[in-house]
Amino acid sequence: MTMCRRGNLLLTSIAMMAVAAPVFGQTISSTSTGSDGALNLTTPGTVVFNPQSFNPVLNPSGNNIYNFTTINIAAGVTVQLSGQILNGPVYWLAQGAVTINGTISLDGGDGYSCVSPPNPAIRVPSVPGPGGYAGGVGGMVTDTFTDNYQPGSGPGGGIGGGLEGSAASTGKFTGNQFLVPLIGGSGGTGGTTDGANFPCGGGGGAGGGAILIASSTSIAINGSITSNGGNGGNPGSNISNGGGSGGAIRLVAPLIQGTGSMSAGPVGTTFQGIIRLEAFQQNFTGTISPGAVSLAAPLSVALPSGGPPVVSVVSVAGVAIPASPTGSFQIPDGTINQSTPAAVVIQASNIPVGTVPTLYIFSESGPDMTVQAPALTGTLASSTATVSVTFPPGFSRGYVRAAWTP
């Protein structure tokens with residue numbers, strides 16, 4: 001989101017969910033109820049998958065579990081699934097056939113590259129695929145030298161910065177071979193500064209997302225599914241420092257076939273995700289690279305019992321923040337007019353009570369701030385915390401994190 005103390009805050013969360021362990025069985029059911037109807041995308045072009053844009057709205061419960069009858073992504077159609085819209089891993093369940101002749105992309109975004117002179121407006125965390133984690137914001141010299149880069153988000157987020165042109169810490173994939181619970185890739189750290197040659201650091205790349213596609217009959221992949229991590233950003237260089245890790249792709253059906261491709265990169269790194277194909281009949285002859293590959297007989301679908309964890313800033317000094325803030329340094333998400341501390345209200349769901357959220361605030365006319373909020377109070381379904389922040393004049397951008405051990 002952005003505020004114009006005028007402050008503004010972008011939001012992200014770090015989350016892991018526990019679900020029941022998988023159970024072996026001789027038959028497999030996607031468990032789809034069919035309540036979301038058929039997903040049939042045939043018009044060539046790019047479709048941003050937003051459940052609110054469908055009529056009727058898909059998955060009104062908001063738990064990212066979609067109950068389709070059949071799924072058809074035609075050739076020439078690219079479906080983009082973004083963590084900016086979908087908070088948490090995605091579960092596409094189908095009663096009948098799943099046919100992917102087009103492209104499904106859960107790729108993490110690239111980190112921004114530094115510009116000269118340094119511009120605080122570009123310091124925005126890269127956007128992950130759903131279920132993945134954002135990259136860290138790079139450092140920037142203000143009035144005095146400050147090595148203020150941020151780590152990557154996620155349980156395997158990059159933690160050590162590197163000067164541009166040298167190795168910054170890349171995000172790592174932390175899921176298990178079963179992909180239960182389903183989790184995406186972690187983000188890379190932002191680049192550091194040295195106060196002279198490199199007055200700003202590029203942003204870390206975001207992690208690839210996580211998806212389960214399950215069918216009670218068959219899955220055919222003749223197009224592609226990608227969950228690659230984003231590259232880290234650099235000024236005047238193509239070196240990928242602080243990249244995000246690849247995510248997770250899990251397919252479950254009695255029959256998996258096709259001649260397409262799947263990837264959970266990034267290409268050329270060791271920080272790859274996992275692609276898991278579970279079927280009694282494995283007839284897929286396409287390419288699977290990069291990413292660790294696991295071929296097995298079907299396990300139970302193993303869906304999460306609750307919705308995805310969410311943490312967000314809902315108001316600053318009594319000014320409501322939009323549910324989908326832009327983080328713009330031109331048009332703020334909210335405007336305040338006070339030099340005294342402003343109450344920042346944080347709201348969370350499906351995050352354990354007692355978790356301590358952290359605010360990260362970057363301003364055009366003040367130093368970076370890291371503010372620890374009080375512990376969340378309330379219930380697992382709905383909790384809150386309020387912290388006071390003194391915003392400098394001009395625009396400020398921020399985001400909130402919540403991290404805990406499940």
# chains A, B, ... in the order shown; residues from 1 in each chain; ligands from 1
call {"tool": "residues_around", "arguments": {"residues": "Tyr66 of chain A", "least_positions_apart": "3", "cutoff": "7 Å", "atoms": "only C-alpha atoms", "output": "list in words"}}
result
Asp36, Asn59, Tyr91, Trp92 and Leu93 of chain A
call {"tool": "residues_around", "arguments": {"residues": "Thr287 of chain A", "least_positions_apart": "3", "cutoff": "9 Å", "atoms": "only C-alpha atoms", "output": "list in words"}}
result
Thr259, Gly260, Ser261, Met262, Ser263 and Phe284 of chain A
call {"tool": "residues_around", "arguments": {"residues": "segment 371-378 of chain A", "least_positions_apart": "3", "cutoff": "10 Å", "atoms": "only C-alpha atoms", "output": "VMD selection string"}}
result
chain A and resid 344 to 349 351 to 361 368 381 to 389 400 to 402
call {"tool": "closest_residue", "arguments": {"among": "A:Thr390, A:Ser300, A:Ser312, A:Asn64", "to": "Phe178 of chain A", "atoms": "only C-alpha atoms"}}
result
A:Ser300
call {"tool": "atom_distance", "arguments": {"atom1": "atom CA of Gly45 of chain A", "atom2": "atom CA of Gly187 of chain A"}}
result
28.3 Å
call {"tool": "select_by_dssp", "arguments": {"residues": "segment 61-300 of chain A", "states": "strand (DSSP E or B)", "output": "number ranges by chain"}}
result
A: 65-68, 71-73, 77-80, 90-94, 98-100, 103-105, 140, 200, 210-215, 218-221, 224-226, 248-252, 255-258, 261-263, 274-278, 281-284, 287-288, 292-296, 299
call {"tool": "closest_residue", "arguments": {"among": "A:Gly88, A:Pro199, A:Gly136, A:Pro322", "to": "Gly306 of chain A", "atoms": "only C-alpha atoms"}}
result
A:Gly88
call {"tool": "closest_residue", "arguments": {"among": "A:Asn40, A:Thr174, A:Thr340, A:Ser186", "to": "Gly152 of chain A", "atoms": "only C-alpha atoms"}}
result
A:Ser186
call {"tool": "closest_residue", "arguments": {"among": "A:Ser82, A:Thr33, A:Ser113, A:Gln282", "to": "Gly208 of chain A", "atoms": "only C-alpha atoms"}}
result
A:Ser82
call {"tool": "atom_distance", "arguments": {"atom1": "atom CA of Ala343 of chain A", "atom2": "atom CA of Pro155 of chain A"}}
result
29.1 Å
call {"tool": "closest_residue", "arguments": {"among": "A:Val77, A:Ile122, A:Ile85, A:Cys114", "to": "Gly327 of chain A", "atoms": "only C-alpha atoms"}}
result
A:Ile122
call {"tool": "atom_distance", "arguments": {"atom1": "atom CA of Asn119 of chain A", "atom2": "atom CA of Ala323 of chain A"}}
result
26.2 Å
call {"tool": "decode", "arguments": {"residues": "segment 286-386 of chain A", "atoms": "C-alpha atoms", "output": "compact mmCIF listing (two decimals), in the first residue's frame"}}
result
# COMPACT_ATOMS: atom_id res chain seq x y z
CA GLY A 286 6.97 -34.63 -23.21
CA THR A 287 9.78 -32.76 -21.45
CA ILE A 288 10.08 -32.07 -17.73
CA SER A 289 12.98 -29.72 -16.99
CA PRO A 290 14.24 -28.22 -14.82
CA GLY A 291 12.92 -29.30 -11.47
CA ALA A 292 13.16 -32.53 -9.54
CA VAL A 293 10.73 -35.06 -11.02
CA SER A 294 8.76 -37.58 -9.02
CA LEU A 295 6.69 -40.30 -10.73
CA ALA A 296 4.44 -42.39 -8.55
CA ALA A 297 1.11 -44.16 -8.23
CA PRO A 298 -1.67 -41.80 -7.14
CA LEU A 299 -1.95 -40.76 -3.52
CA SER A 300 -4.99 -39.11 -1.98
CA VAL A 301 -5.52 -35.55 -3.16
CA ALA A 302 -4.88 -34.25 0.41
CA LEU A 303 -6.58 -30.86 0.38
CA PRO A 304 -5.98 -28.28 3.13
CA SER A 305 -8.66 -28.05 5.78
CA GLY A 306 -8.79 -24.25 5.86
CA GLY A 307 -8.23 -21.25 3.65
CA PRO A 308 -4.83 -19.76 2.82
CA PRO A 309 -3.10 -17.55 5.40
CA VAL A 310 -3.62 -13.84 4.75
CA VAL A 311 -2.11 -10.77 6.43
CA SER A 312 -2.79 -7.21 5.33
CA VAL A 313 -2.94 -3.59 6.44
CA VAL A 314 -6.56 -2.46 6.51
CA SER A 315 -6.20 1.14 7.70
CA VAL A 316 -3.67 3.88 8.53
CA ALA A 317 -4.71 6.72 10.88
CA GLY A 318 -8.32 5.69 10.30
CA VAL A 319 -8.00 5.83 6.51
CA ALA A 320 -9.12 2.56 4.90
CA ILE A 321 -6.61 0.86 2.58
CA PRO A 322 -7.98 -0.89 -0.54
CA ALA A 323 -8.12 -4.67 -0.47
CA SER A 324 -5.82 -4.70 -3.52
CA PRO A 325 -3.40 -1.77 -2.99
CA THR A 326 -1.39 -0.51 -5.95
CA GLY A 327 1.71 0.70 -4.11
CA SER A 328 1.89 3.64 -6.52
CA PHE A 329 4.16 6.62 -5.88
CA GLN A 330 1.90 8.70 -8.14
CA ILE A 331 -1.58 7.95 -6.79
CA PRO A 332 -1.48 6.83 -3.13
CA ASP A 333 -3.69 4.11 -1.73
CA GLY A 334 -4.42 6.42 1.19
CA THR A 335 -3.60 9.96 2.33
CA ILE A 336 -3.00 11.23 5.86
CA ASN A 337 -2.05 14.67 7.12
CA GLN A 338 -0.24 14.36 10.43
CA SER A 339 3.34 14.42 11.68
CA THR A 340 2.47 12.49 14.83
CA PRO A 341 2.44 8.67 15.05
CA ALA A 342 -0.34 7.07 12.97
CA ALA A 343 -2.15 3.90 13.97
CA VAL A 344 -1.56 1.11 11.43
CA VAL A 345 -4.15 -1.66 11.77
CA ILE A 346 -3.13 -5.13 10.60
CA GLN A 347 -5.66 -7.89 9.98
CA ALA A 348 -4.94 -11.59 9.51
CA SER A 349 -6.75 -14.88 8.94
CA ASN A 350 -5.55 -18.48 9.20
CA ILE A 351 -2.39 -17.31 10.97
CA PRO A 352 -1.77 -18.50 14.54
CA VAL A 353 -2.69 -16.06 17.29
CA GLY A 354 0.47 -14.76 18.93
CA THR A 355 2.36 -14.39 15.65
CA VAL A 356 4.26 -11.09 15.46
CA PRO A 357 3.80 -9.22 12.15
CA THR A 358 6.58 -6.98 10.83
CA LEU A 359 6.10 -3.81 8.77
CA TYR A 360 8.72 -2.79 6.20
CA ILE A 361 8.37 0.83 5.09
CA PHE A 362 10.34 2.62 2.34
CA SER A 363 9.92 6.38 1.85
CA GLU A 364 11.01 8.88 -0.78
CA SER A 365 12.18 11.35 1.85
CA GLY A 366 13.14 9.26 4.86
CA PRO A 367 15.15 6.22 5.91
CA ASP A 368 13.83 2.68 5.63
CA MET A 369 11.89 1.50 8.66
CA THR A 370 11.35 -1.98 10.09
CA VAL A 371 8.58 -1.94 12.68
CA GLN A 372 7.60 -4.87 14.87
CA ALA A 373 3.88 -4.91 15.58
CA PRO A 374 2.34 -6.41 18.72
CA ALA A 375 1.39 -10.08 18.54
CA LEU A 376 -1.84 -10.94 16.72
CA THR A 377 -4.85 -11.31 18.97
CA GLY A 378 -8.27 -12.80 18.26
CA THR A 379 -8.92 -16.17 16.67
CA LEU A 380 -7.28 -18.27 13.96
CA ALA A 381 -10.05 -17.20 11.58
CA SER A 382 -9.69 -13.49 12.32
CA SER A 383 -7.00 -11.66 14.29
CA THR A 384 -5.64 -8.12 14.46
CA ALA A 385 -2.69 -6.03 15.65
CA THR A 386 -2.19 -2.25 15.78
